[in-house]
>>> print(open('run.cif').read())   # mmCIF, C-alpha atoms
data_query
#
loop_
_atom_site.label_atom_id
_atom_site.label_comp_id
_atom_site.auth_asym_id
_atom_site.auth_seq_id
_atom_site.Cartn_x
_atom_site.Cartn_y
_atom_site.Cartn_z
CA MET A 241 -24.75 -53.56 10.00
CA THR A 242 -24.12 -55.34 13.24
CA PRO A 243 -23.68 -53.31 16.38
CA GLU A 244 -20.08 -54.48 16.64
CA THR A 245 -19.14 -52.38 13.67
CA ALA A 246 -20.49 -49.22 15.23
CA GLY A 247 -17.89 -46.73 16.11
CA VAL A 248 -15.66 -46.63 13.07
CA VAL A 249 -13.16 -44.00 14.09
CA ILE A 250 -12.77 -41.11 11.71
CA GLY A 251 -9.09 -40.73 11.12
CA THR A 252 -6.95 -37.67 11.39
CA GLY A 253 -6.35 -37.60 7.66
CA GLU A 254 -10.03 -37.18 6.98
CA ALA A 255 -10.23 -34.39 9.55
CA VAL A 256 -7.33 -32.63 7.85
CA ILE A 257 -9.01 -32.99 4.46
CA PHE A 258 -12.26 -31.67 5.92
CA TRP A 259 -10.71 -28.64 7.54
CA ILE A 260 -8.85 -27.77 4.35
CA LEU A 261 -11.56 -28.40 1.80
CA GLY A 262 -14.52 -27.31 3.91
CA PRO A 263 -13.45 -23.66 3.97
CA VAL A 264 -12.56 -23.96 0.28
CA ALA A 265 -16.09 -25.15 -0.49
CA LEU A 266 -17.55 -22.35 1.62
CA ALA A 267 -15.36 -19.78 -0.10
CA GLY A 268 -16.48 -21.10 -3.49
CA ALA A 269 -20.14 -20.82 -2.56
CA LEU A 270 -19.73 -17.32 -1.17
CA GLY A 271 -17.72 -16.24 -4.19
CA MET A 272 -20.40 -17.57 -6.49
CA VAL A 273 -23.11 -15.54 -4.79
CA LEU A 274 -21.02 -12.41 -4.36
CA SER A 275 -19.19 -12.05 -7.66
CA ARG A 276 -20.82 -9.66 -10.07
CA ASN A 277 -19.61 -11.40 -13.22
CA ALA A 278 -21.56 -14.54 -14.08
CA VAL A 279 -18.51 -16.30 -15.52
CA HIS A 280 -16.69 -15.79 -12.23
CA SER A 281 -19.71 -17.22 -10.45
CA ALA A 282 -19.48 -20.36 -12.59
CA LEU A 283 -15.78 -20.77 -11.84
CA TRP A 284 -16.36 -20.36 -8.09
CA LEU A 285 -19.07 -22.99 -8.28
CA VAL A 286 -16.63 -25.37 -9.98
CA LEU A 287 -14.34 -24.96 -6.97
CA THR A 288 -17.14 -25.88 -4.58
CA MET A 289 -18.18 -28.87 -6.65
CA LEU A 290 -14.65 -30.21 -6.84
CA SER A 291 -14.31 -29.95 -3.06
CA LEU A 292 -17.59 -31.80 -2.64
CA GLY A 293 -16.33 -34.50 -5.02
CA VAL A 294 -13.32 -35.03 -2.79
CA PHE A 295 -15.69 -35.26 0.18
CA TYR A 296 -17.65 -38.00 -1.58
CA VAL A 297 -14.49 -39.99 -2.21
CA VAL A 298 -13.44 -39.59 1.41
CA GLN A 299 -16.86 -40.72 2.60
CA GLU A 300 -16.54 -44.10 0.89
CA ALA A 301 -18.44 -43.12 -2.25
CA PRO A 302 -15.70 -43.07 -4.91
CA PHE A 303 -18.15 -43.77 -7.73
CA LEU A 304 -20.24 -40.73 -6.85
CA GLY A 305 -17.07 -38.67 -6.46
CA ALA A 306 -16.08 -39.54 -10.02
CA VAL A 307 -19.61 -38.85 -11.24
CA GLN A 308 -19.55 -35.52 -9.44
CA VAL A 309 -16.36 -34.47 -11.20
CA ILE A 310 -17.37 -35.80 -14.61
CA VAL A 311 -21.05 -34.88 -14.72
CA TYR A 312 -21.19 -31.75 -12.60
CA THR A 313 -17.91 -29.97 -13.16
CA GLY A 314 -17.34 -31.57 -16.54
CA ALA A 315 -20.69 -31.45 -18.27
CA ILE A 316 -23.12 -29.24 -16.39
CA MET A 317 -20.73 -26.38 -15.73
CA ILE A 318 -19.51 -26.45 -19.32
CA LEU A 319 -23.14 -26.23 -20.36
CA PHE A 320 -23.54 -23.24 -18.05
CA LEU A 321 -20.49 -21.57 -19.56
CA PHE A 322 -21.74 -22.24 -23.09
CA VAL A 323 -25.07 -20.62 -22.33
CA LEU A 324 -23.30 -17.71 -20.62
CA MET A 325 -21.23 -17.12 -23.73
CA LEU A 326 -24.32 -17.38 -25.96
CA VAL A 327 -26.50 -15.12 -23.84
CA GLY A 328 -23.70 -12.63 -23.45
CA ARG A 329 -21.57 -12.57 -20.38
CA ASP A 330 -21.64 -8.78 -20.28
CA SER A 331 -25.37 -8.74 -19.65
CA SER A 332 -24.44 -7.52 -16.23
CA ASP A 333 -26.50 -8.22 -13.19
CA SER A 334 -28.67 -5.29 -12.22
CA VAL A 335 -28.11 -3.96 -8.76
CA VAL A 336 -31.51 -2.34 -8.57
CA GLU A 337 -33.71 -3.76 -5.88
CA THR A 338 -37.17 -4.31 -7.28
CA LEU A 339 -38.54 -5.06 -3.83
CA ARG A 340 -37.47 -2.68 -1.13
CA GLY A 341 -35.28 -4.26 1.48
CA GLN A 342 -35.34 -7.65 -0.20
CA ARG A 343 -31.61 -8.13 -0.02
CA VAL A 344 -31.38 -7.37 3.68
CA ALA A 345 -34.38 -9.55 4.41
CA ALA A 346 -32.87 -12.41 2.40
CA LEU A 347 -29.57 -12.11 4.25
CA ALA A 348 -31.31 -12.05 7.63
CA LEU A 349 -33.47 -15.02 6.71
CA GLY A 350 -30.44 -16.89 5.44
CA ALA A 351 -28.44 -16.23 8.58
CA GLY A 352 -31.34 -17.31 10.75
CA PHE A 353 -31.96 -20.41 8.67
CA ALA A 354 -28.29 -21.40 8.73
CA ALA A 355 -28.10 -20.88 12.49
CA LEU A 356 -31.26 -22.86 13.17
CA VAL A 357 -30.59 -25.76 10.85
CA GLY A 358 -26.89 -25.89 11.60
CA ALA A 359 -27.38 -25.84 15.34
CA GLY A 360 -30.23 -28.32 15.16
CA ILE A 361 -28.29 -30.73 13.01
CA ALA A 362 -25.17 -30.37 15.09
CA ARG A 363 -27.12 -31.06 18.25
CA ALA A 364 -29.17 -33.92 16.86
CA THR A 365 -26.32 -35.73 15.17
CA GLN A 366 -23.42 -35.17 17.51
CA ASP A 367 -23.57 -38.82 18.57
CA LEU A 368 -24.27 -40.11 15.08
CA PRO A 369 -22.85 -43.62 14.76
CA VAL A 370 -20.45 -44.20 11.91
CA LEU A 371 -21.25 -47.69 10.75
CA GLY A 372 -19.19 -47.33 7.64
CA LEU A 373 -19.74 -49.09 4.36
CA GLU A 374 -17.15 -51.81 4.70
CA GLN A 375 -19.83 -54.45 5.27
CA VAL A 376 -21.54 -53.77 1.97
CA GLN A 377 -18.85 -52.58 -0.34
CA GLY A 378 -15.67 -54.18 0.77
CA GLY A 379 -12.88 -52.84 2.81
CA VAL A 380 -10.58 -54.59 5.18
CA GLY A 381 -12.79 -57.39 6.44
CA GLY A 382 -15.83 -57.08 4.22
CA PRO A 383 -16.83 -58.77 1.02
CA SER A 384 -14.63 -58.30 -1.97
CA SER A 385 -17.13 -56.30 -4.00
CA GLY A 386 -16.35 -52.64 -4.35
CA ASN A 387 -18.38 -49.48 -4.31
CA VAL A 388 -19.42 -49.70 -7.94
CA GLU A 389 -20.68 -53.26 -7.48
CA ALA A 390 -22.59 -52.29 -4.34
CA VAL A 391 -24.25 -49.32 -6.09
CA ALA A 392 -25.04 -51.34 -9.20
CA GLY A 393 -26.43 -54.21 -7.14
CA LEU A 394 -28.99 -51.94 -5.53
CA LEU A 395 -29.59 -49.85 -8.64
CA TYR A 396 -30.54 -52.79 -10.81
CA THR A 397 -32.63 -54.63 -8.25
CA ARG A 398 -34.47 -52.51 -5.73
CA TYR A 399 -34.36 -49.23 -7.64
CA LEU A 400 -34.82 -50.68 -11.10
CA LEU A 401 -38.13 -48.92 -11.78
CA ALA A 402 -36.72 -45.54 -10.73
CA PHE A 403 -33.70 -46.19 -12.92
CA GLU A 404 -35.88 -46.86 -15.96
CA VAL A 405 -37.93 -43.74 -15.27
CA THR A 406 -34.65 -41.83 -15.12
CA GLY A 407 -33.89 -42.94 -18.65
CA ALA A 408 -37.26 -41.66 -19.81
CA LEU A 409 -36.62 -38.38 -17.99
CA LEU A 410 -33.29 -37.89 -19.75
CA ILE A 411 -34.85 -38.50 -23.16
CA VAL A 412 -37.68 -36.09 -22.41
CA ALA A 413 -35.17 -33.48 -21.24
CA ALA A 414 -33.05 -33.82 -24.39
CA VAL A 415 -36.04 -33.63 -26.72
CA GLY A 416 -37.50 -30.74 -24.73
CA ALA A 417 -34.25 -28.78 -24.95
CA LEU A 418 -34.15 -29.34 -28.71
CA LEU A 419 -37.76 -28.22 -29.00
CA LEU A 420 -37.26 -25.10 -26.90
CA THR A 421 -34.13 -23.91 -28.66
CA HIS A 422 -35.25 -24.80 -32.19
CA VAL A 423 -35.87 -21.81 -34.45
CA GLU A 424 -38.29 -22.44 -37.24
CA ARG A 425 -37.38 -20.73 -40.50
CA GLU A 426 -40.07 -19.99 -43.01
CA PRO A 427 -39.53 -21.84 -46.28
CA GLY A 428 -37.85 -19.55 -48.75
CA SER A 429 -36.70 -17.04 -46.20
CA ARG A 430 -33.14 -18.20 -46.57
CA GLN A 431 -31.33 -17.31 -49.79
CA THR A 432 -29.54 -20.06 -51.58
CA GLN A 433 -25.99 -19.70 -52.78
CA LYS A 434 -27.21 -19.35 -56.35
CA GLU A 435 -29.51 -16.46 -55.46
CA LEU A 436 -26.77 -14.74 -53.49
CA SER A 437 -24.34 -15.05 -56.39
CA ARG A 438 -26.88 -13.74 -58.89
CA ALA A 439 -27.69 -10.76 -56.67
CA ARG A 440 -24.03 -9.93 -56.37
CA PHE A 441 -23.42 -9.99 -60.11
CA LEU A 442 -26.32 -7.61 -60.63
CA THR A 443 -24.45 -4.94 -58.70
CA ASP A 444 -21.65 -2.91 -60.26
CA ARG A 445 -18.96 -4.67 -58.26
CA PRO A 446 -19.04 -8.43 -58.68
CA GLN A 447 -15.62 -9.01 -57.23
CA THR A 448 -14.77 -8.94 -53.58
CA LEU A 449 -13.97 -5.70 -51.82
CA PRO A 450 -10.30 -4.89 -51.36
CA GLY A 451 -9.18 -5.84 -47.94
CA PRO A 452 -7.76 -3.13 -45.72
CA GLY A 453 -4.03 -3.07 -45.73
CA VAL A 454 -3.68 -5.34 -48.73
CA HIS A 455 -1.90 -2.97 -51.02
CA ALA A 456 -1.07 -0.58 -48.24
CA ARG A 457 2.16 -1.44 -46.58
CA ALA A 458 0.85 -2.23 -43.15
CA THR A 459 -1.30 -4.89 -41.60
CA SER A 460 -3.45 -2.50 -39.60
CA VAL A 461 -7.18 -2.51 -40.26
CA ALA A 462 -7.06 1.28 -40.24
CA ALA A 463 -4.67 1.36 -43.20
CA PRO A 464 -6.78 1.43 -46.35
CA ALA A 465 -5.79 -0.30 -49.54
CA LEU A 466 -4.02 1.73 -52.23
CA LEU A 467 -5.07 1.83 -55.83
CA PRO A 468 -2.30 1.43 -58.44
CA ASP A 469 -2.05 5.19 -58.90
CA GLY A 470 -1.54 5.74 -55.19
CA ARG A 471 -5.02 6.88 -54.27
CA LEU A 472 -6.87 5.34 -51.39
CA ALA A 473 -9.40 2.70 -52.30
CA GLU A 474 -12.55 3.91 -50.61
CA ASP A 475 -14.10 0.46 -50.68
CA SER A 476 -11.50 -0.75 -48.27
CA PHE A 477 -12.19 1.74 -45.50
CA ALA A 478 -12.95 -0.08 -42.30
CA THR A 479 -16.29 0.87 -40.83
CA GLY A 480 -16.09 2.82 -37.63
CA ILE A 481 -12.40 3.61 -37.92
CA GLU A 482 -10.93 6.75 -39.38
CA PRO A 483 -8.77 5.72 -42.36
CA GLU A 484 -5.19 6.32 -41.51
CA GLN A 485 -2.36 6.41 -43.96
CA VAL A 486 0.77 4.79 -42.70
CA GLU A 487 3.35 7.41 -43.37
CA GLN A 488 6.36 6.03 -41.63
CA MET A 489 6.93 3.34 -44.19
CA PRO A 490 9.41 3.98 -47.00
CA ARG A 491 8.07 3.11 -50.40
CA PRO A 492 10.75 1.87 -52.74
CA THR A 493 9.78 2.05 -56.36
CA GLY A 494 11.09 0.13 -59.33
CA ARG A 495 14.65 -1.16 -59.33
CA GLU A 496 15.48 0.62 -62.60
CA GLN A 497 15.04 4.09 -61.13
CA LEU A 498 17.31 3.33 -58.22
CA GLY A 499 21.01 3.42 -58.07
CA SER A 500 21.92 0.95 -55.39
CA PRO A 501 20.16 -1.66 -53.26
CA ASP A 502 20.61 0.63 -50.27
CA ALA A 503 18.72 3.35 -52.01
CA ALA A 504 16.06 0.85 -53.02
CA LEU A 505 15.29 0.34 -49.35
CA GLY A 506 14.37 3.99 -49.09
CA SER A 507 14.86 6.33 -46.22
CA LEU A 508 12.78 7.99 -43.61
CA ASP A 509 15.02 11.01 -43.44
CA PRO A 510 13.24 13.98 -45.03
CA THR A 511 16.56 15.58 -46.02
CA LEU A 512 17.25 12.62 -48.24
CA SER A 513 13.98 12.96 -50.02
CA ASP A 514 15.74 13.99 -53.23
CA THR A 515 17.51 10.71 -53.51
CA PRO A 516 15.71 8.34 -55.81
CA GLY A 517 13.52 5.95 -53.88
CA GLY A 518 13.74 7.93 -50.69
CA ARG A 519 10.09 8.83 -50.52
CA THR A 520 8.86 10.62 -47.50
CA GLY A 521 5.36 9.46 -48.07
CA GLY A 522 3.98 12.97 -47.93
CA GLU A 523 1.95 12.84 -51.05
CA HIS A 524 -0.97 10.96 -49.53
CA ARG A 525 -1.12 12.99 -46.41
CA MET B 60 -14.43 -34.83 14.38
CA ASN B 61 -17.64 -36.67 13.71
CA LEU B 62 -20.08 -36.82 10.84
CA SER B 63 -22.14 -33.85 12.00
CA TYR B 64 -19.44 -31.53 10.66
CA TYR B 65 -20.26 -32.63 7.14
CA LEU B 66 -23.96 -32.10 7.81
CA VAL B 67 -23.41 -28.60 9.18
CA LEU B 68 -21.24 -27.75 6.18
CA ALA B 69 -23.98 -29.02 3.88
CA ALA B 70 -26.57 -26.93 5.74
CA ILE B 71 -24.45 -23.80 5.35
CA LEU B 72 -23.89 -24.48 1.65
CA PHE B 73 -27.63 -25.00 1.21
CA THR B 74 -28.34 -21.70 2.94
CA ILE B 75 -25.85 -19.85 0.77
CA GLY B 76 -27.53 -21.29 -2.29
CA ALA B 77 -30.98 -20.29 -1.05
CA VAL B 78 -29.85 -16.75 -0.28
CA GLY B 79 -28.27 -16.57 -3.73
CA VAL B 80 -31.57 -17.56 -5.33
CA LEU B 81 -33.27 -14.75 -3.43
CA VAL B 82 -30.62 -12.11 -4.03
CA ARG B 83 -29.28 -12.58 -7.54
CA ARG B 84 -31.14 -11.28 -10.57
CA ASN B 85 -29.36 -13.09 -13.39
CA ALA B 86 -31.33 -16.22 -14.26
CA ILE B 87 -28.22 -18.27 -14.99
CA VAL B 88 -26.69 -17.41 -11.63
CA VAL B 89 -29.98 -18.34 -9.98
CA PHE B 90 -29.68 -21.72 -11.66
CA MET B 91 -26.14 -22.11 -10.35
CA CYS B 92 -27.42 -21.41 -6.83
CA ILE B 93 -30.01 -24.16 -7.26
CA GLU B 94 -27.21 -26.50 -8.33
CA LEU B 95 -25.33 -25.58 -5.17
CA MET B 96 -28.38 -26.46 -3.07
CA LEU B 97 -28.69 -29.83 -4.79
CA ASN B 98 -25.01 -30.51 -4.18
CA ALA B 99 -25.39 -29.72 -0.50
CA VAL B 100 -28.28 -32.18 -0.27
CA ASN B 101 -26.13 -34.79 -2.02
CA LEU B 102 -23.42 -34.32 0.59
CA THR B 103 -26.02 -34.89 3.31
CA LEU B 104 -27.29 -38.04 1.61
CA ILE B 105 -23.83 -39.51 1.22
CA THR B 106 -22.94 -38.69 4.81
CA PHE B 107 -26.04 -40.43 6.09
CA ALA B 108 -25.36 -43.40 3.82
CA ARG B 109 -22.00 -43.77 5.49
CA SER B 110 -23.54 -43.32 8.91
CA THR B 111 -26.22 -45.96 8.45
CA GLY B 112 -23.97 -48.39 6.64
CA THR B 113 -26.11 -48.80 3.53
CA VAL B 114 -25.60 -47.68 -0.05
CA ASP B 115 -29.18 -46.47 -0.48
CA GLY B 116 -28.23 -42.88 0.21
CA GLN B 117 -25.65 -43.00 -2.55
CA ILE B 118 -28.29 -44.31 -4.96
CA ILE B 119 -30.60 -41.42 -4.08
CA ALA B 120 -27.72 -38.99 -4.56
CA LEU B 121 -27.13 -40.50 -7.99
CA PHE B 122 -30.77 -39.95 -8.87
CA VAL B 123 -30.53 -36.37 -7.65
CA MET B 124 -27.58 -35.84 -9.98
CA VAL B 125 -29.51 -37.24 -12.95
CA VAL B 126 -32.55 -35.10 -12.21
CA ALA B 127 -30.30 -32.06 -11.78
CA ALA B 128 -28.73 -32.70 -15.18
CA ALA B 129 -32.14 -32.91 -16.83
CA GLU B 130 -33.30 -29.80 -14.97
CA VAL B 131 -30.26 -27.84 -16.08
CA VAL B 132 -30.74 -28.83 -19.70
CA VAL B 133 -34.39 -27.81 -19.80
CA GLY B 134 -33.86 -24.70 -17.66
CA LEU B 135 -31.02 -23.39 -19.79
CA ALA B 136 -33.08 -24.02 -22.92
CA ILE B 137 -35.90 -21.96 -21.39
CA ILE B 138 -33.43 -19.19 -20.51
CA MET B 139 -32.14 -19.24 -24.08
CA SER B 140 -35.60 -18.92 -25.57
CA ILE B 141 -36.54 -16.14 -23.14
CA TYR B 142 -33.31 -14.36 -24.03
CA ARG B 143 -34.16 -14.61 -27.73
CA THR B 144 -37.46 -12.82 -27.29
CA ARG B 145 -36.65 -10.41 -24.43
CA ARG B 146 -32.91 -9.80 -25.06
CA SER B 147 -32.30 -10.18 -21.34
CA ALA B 148 -31.35 -12.93 -18.92
CA SER B 149 -32.61 -11.09 -15.87
CA VAL B 150 -35.44 -12.61 -13.91
CA ASP B 151 -36.96 -9.16 -13.46
CA ASP B 152 -37.66 -8.85 -17.16
CA ALA B 153 -39.46 -12.18 -17.48
CA ASN B 154 -42.70 -10.97 -15.91
CA LEU B 155 -45.18 -11.92 -18.59
CA LEU B 156 -46.67 -14.60 -16.37
CA LYS B 157 -47.31 -12.01 -13.69
CA TYR B 158 -50.78 -10.91 -14.66
#
>>> encode(input="run.cif", output="structure tokens")
Amino acid sequence: MTPETAGVVIGTGEAVIFWILGPVALAGALGMVLSRNAVHSALWLVLTMLSLGVFYVVQEAPFLGAVQVIVYTGAIMILFLFVLMLVGRDSSDSVVETLRGQRVAALALGAGFAALVGAGIARATQDLPVLGLEQVQGGVGGPSSGNVEAVAGLLYTRYLLAFEVTGALLIVAAVGALLLTHVEREPGSRQTQKELSRARFLTDRPQTLPGPGVHARATSVAAPALLPDGRLAEDSFATGIEPEQVEQMPRPTGREQLGSPDAALGSLDPTLSDTPGGRTGGEHR
Amino acid sequence: MNLSYYLVLAAILFTIGAVGVLVRRNAIVVFMCIELMLNAVNLTLITFARSTGTVDGQIIALFVMVVAAAEVVVGLAIIMSIYRTRRSASVDDANLLKY
């Protein structure tokens, strides 16, 4: 506040943090724009936001740093990822330019804008005084109140009206999101459990379909179930997959037909196919 | 090192976000680029708050965060409802307001 406090020297540690995390934040932003997959874009953006959160903490705003990590990377990006998963992350970005030369023009404009604004800001603020926030939110010689108290003191006095309007805005946003994503079903368009059960018993198969691989001796979806007489149960064929009999599995039969426990385990050797229990599995081929 | 480094970094991040809005076609990625621009502005606000020695800049940054949260909620809901009817999240396909 007072001119004596002007000239707070920025320490070496902060410079080190800046030169490490600044390129990280830039890389995150570039990766977000350049990556083709939208999920990768979201993860790159998380990197940038975390770096910015560290910058906030370094710049004497620890409350906003925590809010940045919790709200932005914790809530907003998770919301983004949820919507990406709902909308379908493989809805790939089209590379077709609808306007001719738009991409090149955008890049040129961006480069020019960055050069102009960056150079202007760098020139205008190269002698920017660093008053620091120790007078208002504590520090070495300041008052004992911290950053949270300083923010809350202003938020609930001078910015009270804006704060209340913010509450209204959040409620409107929540209700609006509910309204936009709500799907109205016509009454009666959804079958009750009773109707579904009645419709199923009117068919010729009231019980459930045999699962693939239940009575077959494999867990593969492609292995169809076997009926008690050894035929394939056609109801258990998986859709889209050619039914495939697992032939490499020995099929021991009843213990009474077998001589020894070793024989009961069966054999894969076709020369031993005469031995009781040593099925080669060829009959369902 | 002085505070203008932060400001230049924020300007570059803002530019990257703006170029992303112009270049990308996926509506969700466009939203992410807008978030990046808001974050860059927040960094500028917090840097100036430190420079001027008042907390007002931090308060404004907090309000920007709240408004960004509300904007993301409503925007993603709009994207969801557009996706339900058009089966696409590309901004090129949502051209019903064109004519």
>>> resolve_selection(input="run.cif", expression="the PyMOL selection byres ((chain A and resi 409) around 12)", output="VMD selection string")
(chain A and resid 402 to 408 410 to 416) or (chain B and resid 122 125 to 130 132 to 133)
>>> write_last_selection(input="run.cif", atoms="C-alpha atoms", output="mmCIF file, in the frame of the given file")
data_model
loop_
_atom_site.group_PDB
_atom_site.id
_atom_site.type_symbol
_atom_site.label_atom_id
_atom_site.label_comp_id
_atom_site.auth_asym_id
_atom_site.auth_seq_id
_atom_site.Cartn_x
_atom_site.Cartn_y
_atom_site.Cartn_z
ATOM 1 C CA ALA A 402 -36.720 -45.540 -10.730
ATOM 2 C CA PHE A 403 -33.700 -46.190 -12.920
ATOM 3 C CA GLU A 404 -35.880 -46.860 -15.960
ATOM 4 C CA VAL A 405 -37.930 -43.740 -15.270
ATOM 5 C CA THR A 406 -34.650 -41.830 -15.120
ATOM 6 C CA GLY A 407 -33.890 -42.940 -18.650
ATOM 7 C CA ALA A 408 -37.260 -41.660 -19.810
ATOM 8 C CA LEU A 410 -33.290 -37.890 -19.750
ATOM 9 C CA ILE A 411 -34.850 -38.500 -23.160
ATOM 10 C CA VAL A 412 -37.680 -36.090 -22.410
ATOM 11 C CA ALA A 413 -35.170 -33.480 -21.240
ATOM 12 C CA ALA A 414 -33.050 -33.820 -24.390
ATOM 13 C CA VAL A 415 -36.040 -33.630 -26.720
ATOM 14 C CA GLY A 416 -37.500 -30.740 -24.730
ATOM 15 C CA PHE B 122 -30.770 -39.950 -8.870
ATOM 16 C CA VAL B 125 -29.510 -37.240 -12.950
ATOM 17 C CA VAL B 126 -32.550 -35.100 -12.210
ATOM 18 C CA ALA B 127 -30.300 -32.060 -11.780
ATOM 19 C CA ALA B 128 -28.730 -32.700 -15.180
ATOM 20 C CA ALA B 129 -32.140 -32.910 -16.830
ATOM 21 C CA GLU B 130 -33.300 -29.800 -14.970
ATOM 22 C CA VAL B 132 -30.740 -28.830 -19.700
ATOM 23 C CA VAL B 133 -34.390 -27.810 -19.800
#
>>> residues_around(input="run.cif", residues="B:Met96", least_positions_apart="2", cutoff="6 Å", atoms="only C-alpha atoms", output="PyMOL selection string")
chain B and resi 73+76+93-94+98-99
>>> resolve_selection(input="run.cif", expression="the PyMOL selection byres ((chain B and resi 95) around 10)", output="ChimeraX atom specification")
/A:269,272,285-286,288-289 /B:69,72-77,79,89-94,96-101
>>> residues_near_point(input="run.cif", point="(-23.1, -38.3, -2.9)", cutoff="8 Å", atoms="only C-alpha atoms", output="list of chain:residue names")
A:Tyr296, A:Ala301, A:Leu304, A:Gly305, A:Gln308, B:Asn101, B:Leu102, B:Thr103, B:Leu104, B:Ile105, B:Thr106, B:Gly116, B:Gln117, B:Ala120, B:Leu121
>>> resolve_selection(input="run.cif", expression="the PyMOL selection byres ((chain B) within 6 of (chain A))", output="MDAnalysis selection string")
chainID B and resid 63 67 70:71 74 78:79 82 85 109:112 129 133 136
>>> atom_distance(input="run.cif", atom1="atom CA of A:Val309", atom2="atom CA of A:Leu290")
6.3 Å
>>> build_atoms(input="run.cif", residues="stretch 84-89 of chain B", atoms="all heavy atoms", output="PDB file, keeping the file's coordinate frame")
ATOM      1  N   ARG B  84     -30.131 -11.585  -9.570  1.00  0.00           N
ATOM      2  CA  ARG B  84     -31.140 -11.280 -10.570  1.00  0.00           C
ATOM      3  C   ARG B  84     -30.915 -12.012 -11.884  1.00  0.00           C
ATOM      4  O   ARG B  84     -31.832 -12.185 -12.660  1.00  0.00           O
ATOM      5  CB  ARG B  84     -31.160  -9.780 -10.845  1.00  0.00           C
ATOM      6  CG  ARG B  84     -31.489  -8.936  -9.660  1.00  0.00           C
ATOM      7  CD  ARG B  84     -32.943  -8.509  -9.687  1.00  0.00           C
ATOM      8  NE  ARG B  84     -33.827  -9.590  -9.277  1.00  0.00           N
ATOM      9  CZ  ARG B  84     -34.144  -9.843  -8.028  1.00  0.00           C
ATOM     10  NH1 ARG B  84     -33.686  -9.084  -7.073  1.00  0.00           N
ATOM     11  NH2 ARG B  84     -34.931 -10.843  -7.727  1.00  0.00           N
ATOM     12  N   ASN B  85     -29.668 -12.402 -12.148  1.00  0.00           N
ATOM     13  CA  ASN B  85     -29.360 -13.090 -13.390  1.00  0.00           C
ATOM     14  C   ASN B  85     -29.898 -14.518 -13.317  1.00  0.00           C
ATOM     15  O   ASN B  85     -29.617 -15.245 -12.371  1.00  0.00           O
ATOM     16  CB  ASN B  85     -27.844 -13.098 -13.592  1.00  0.00           C
ATOM     17  CG  ASN B  85     -27.458 -13.509 -14.985  1.00  0.00           C
ATOM     18  OD1 ASN B  85     -28.184 -14.253 -15.637  1.00  0.00           O
ATOM     19  ND2 ASN B  85     -26.331 -13.042 -15.450  1.00  0.00           N
ATOM     20  N   ALA B  86     -30.670 -14.923 -14.319  1.00  0.00           N
ATOM     21  CA  ALA B  86     -31.330 -16.220 -14.260  1.00  0.00           C
ATOM     22  C   ALA B  86     -30.318 -17.363 -14.244  1.00  0.00           C
ATOM     23  O   ALA B  86     -30.535 -18.392 -13.595  1.00  0.00           O
ATOM     24  CB  ALA B  86     -32.274 -16.374 -15.446  1.00  0.00           C
ATOM     25  N   ILE B  87     -29.205 -17.187 -14.938  1.00  0.00           N
ATOM     26  CA  ILE B  87     -28.220 -18.270 -14.990  1.00  0.00           C
ATOM     27  C   ILE B  87     -27.552 -18.433 -13.631  1.00  0.00           C
ATOM     28  O   ILE B  87     -27.301 -19.557 -13.168  1.00  0.00           O
ATOM     29  CB  ILE B  87     -27.196 -17.966 -16.099  1.00  0.00           C
ATOM     30  CG1 ILE B  87     -27.924 -17.862 -17.428  1.00  0.00           C
ATOM     31  CG2 ILE B  87     -26.158 -19.034 -16.176  1.00  0.00           C
ATOM     32  CD1 ILE B  87     -27.067 -17.442 -18.552  1.00  0.00           C
ATOM     33  N   VAL B  88     -27.284 -17.324 -12.955  1.00  0.00           N
ATOM     34  CA  VAL B  88     -26.690 -17.410 -11.630  1.00  0.00           C
ATOM     35  C   VAL B  88     -27.681 -18.019 -10.645  1.00  0.00           C
ATOM     36  O   VAL B  88     -27.302 -18.781  -9.743  1.00  0.00           O
ATOM     37  CB  VAL B  88     -26.202 -16.022 -11.171  1.00  0.00           C
ATOM     38  CG1 VAL B  88     -25.540 -16.107  -9.821  1.00  0.00           C
ATOM     39  CG2 VAL B  88     -25.227 -15.473 -12.173  1.00  0.00           C
ATOM     40  N   VAL B  89     -28.958 -17.713 -10.823  1.00  0.00           N
ATOM     41  CA  VAL B  89     -29.980 -18.340  -9.980  1.00  0.00           C
ATOM     42  C   VAL B  89     -29.958 -19.854 -10.166  1.00  0.00           C
ATOM     43  O   VAL B  89     -30.026 -20.624  -9.197  1.00  0.00           O
ATOM     44  CB  VAL B  89     -31.365 -17.746 -10.322  1.00  0.00           C
ATOM     45  CG1 VAL B  89     -32.463 -18.561  -9.681  1.00  0.00           C
ATOM     46  CG2 VAL B  89     -31.454 -16.323  -9.851  1.00  0.00           C
TER      47      VAL B  89
END
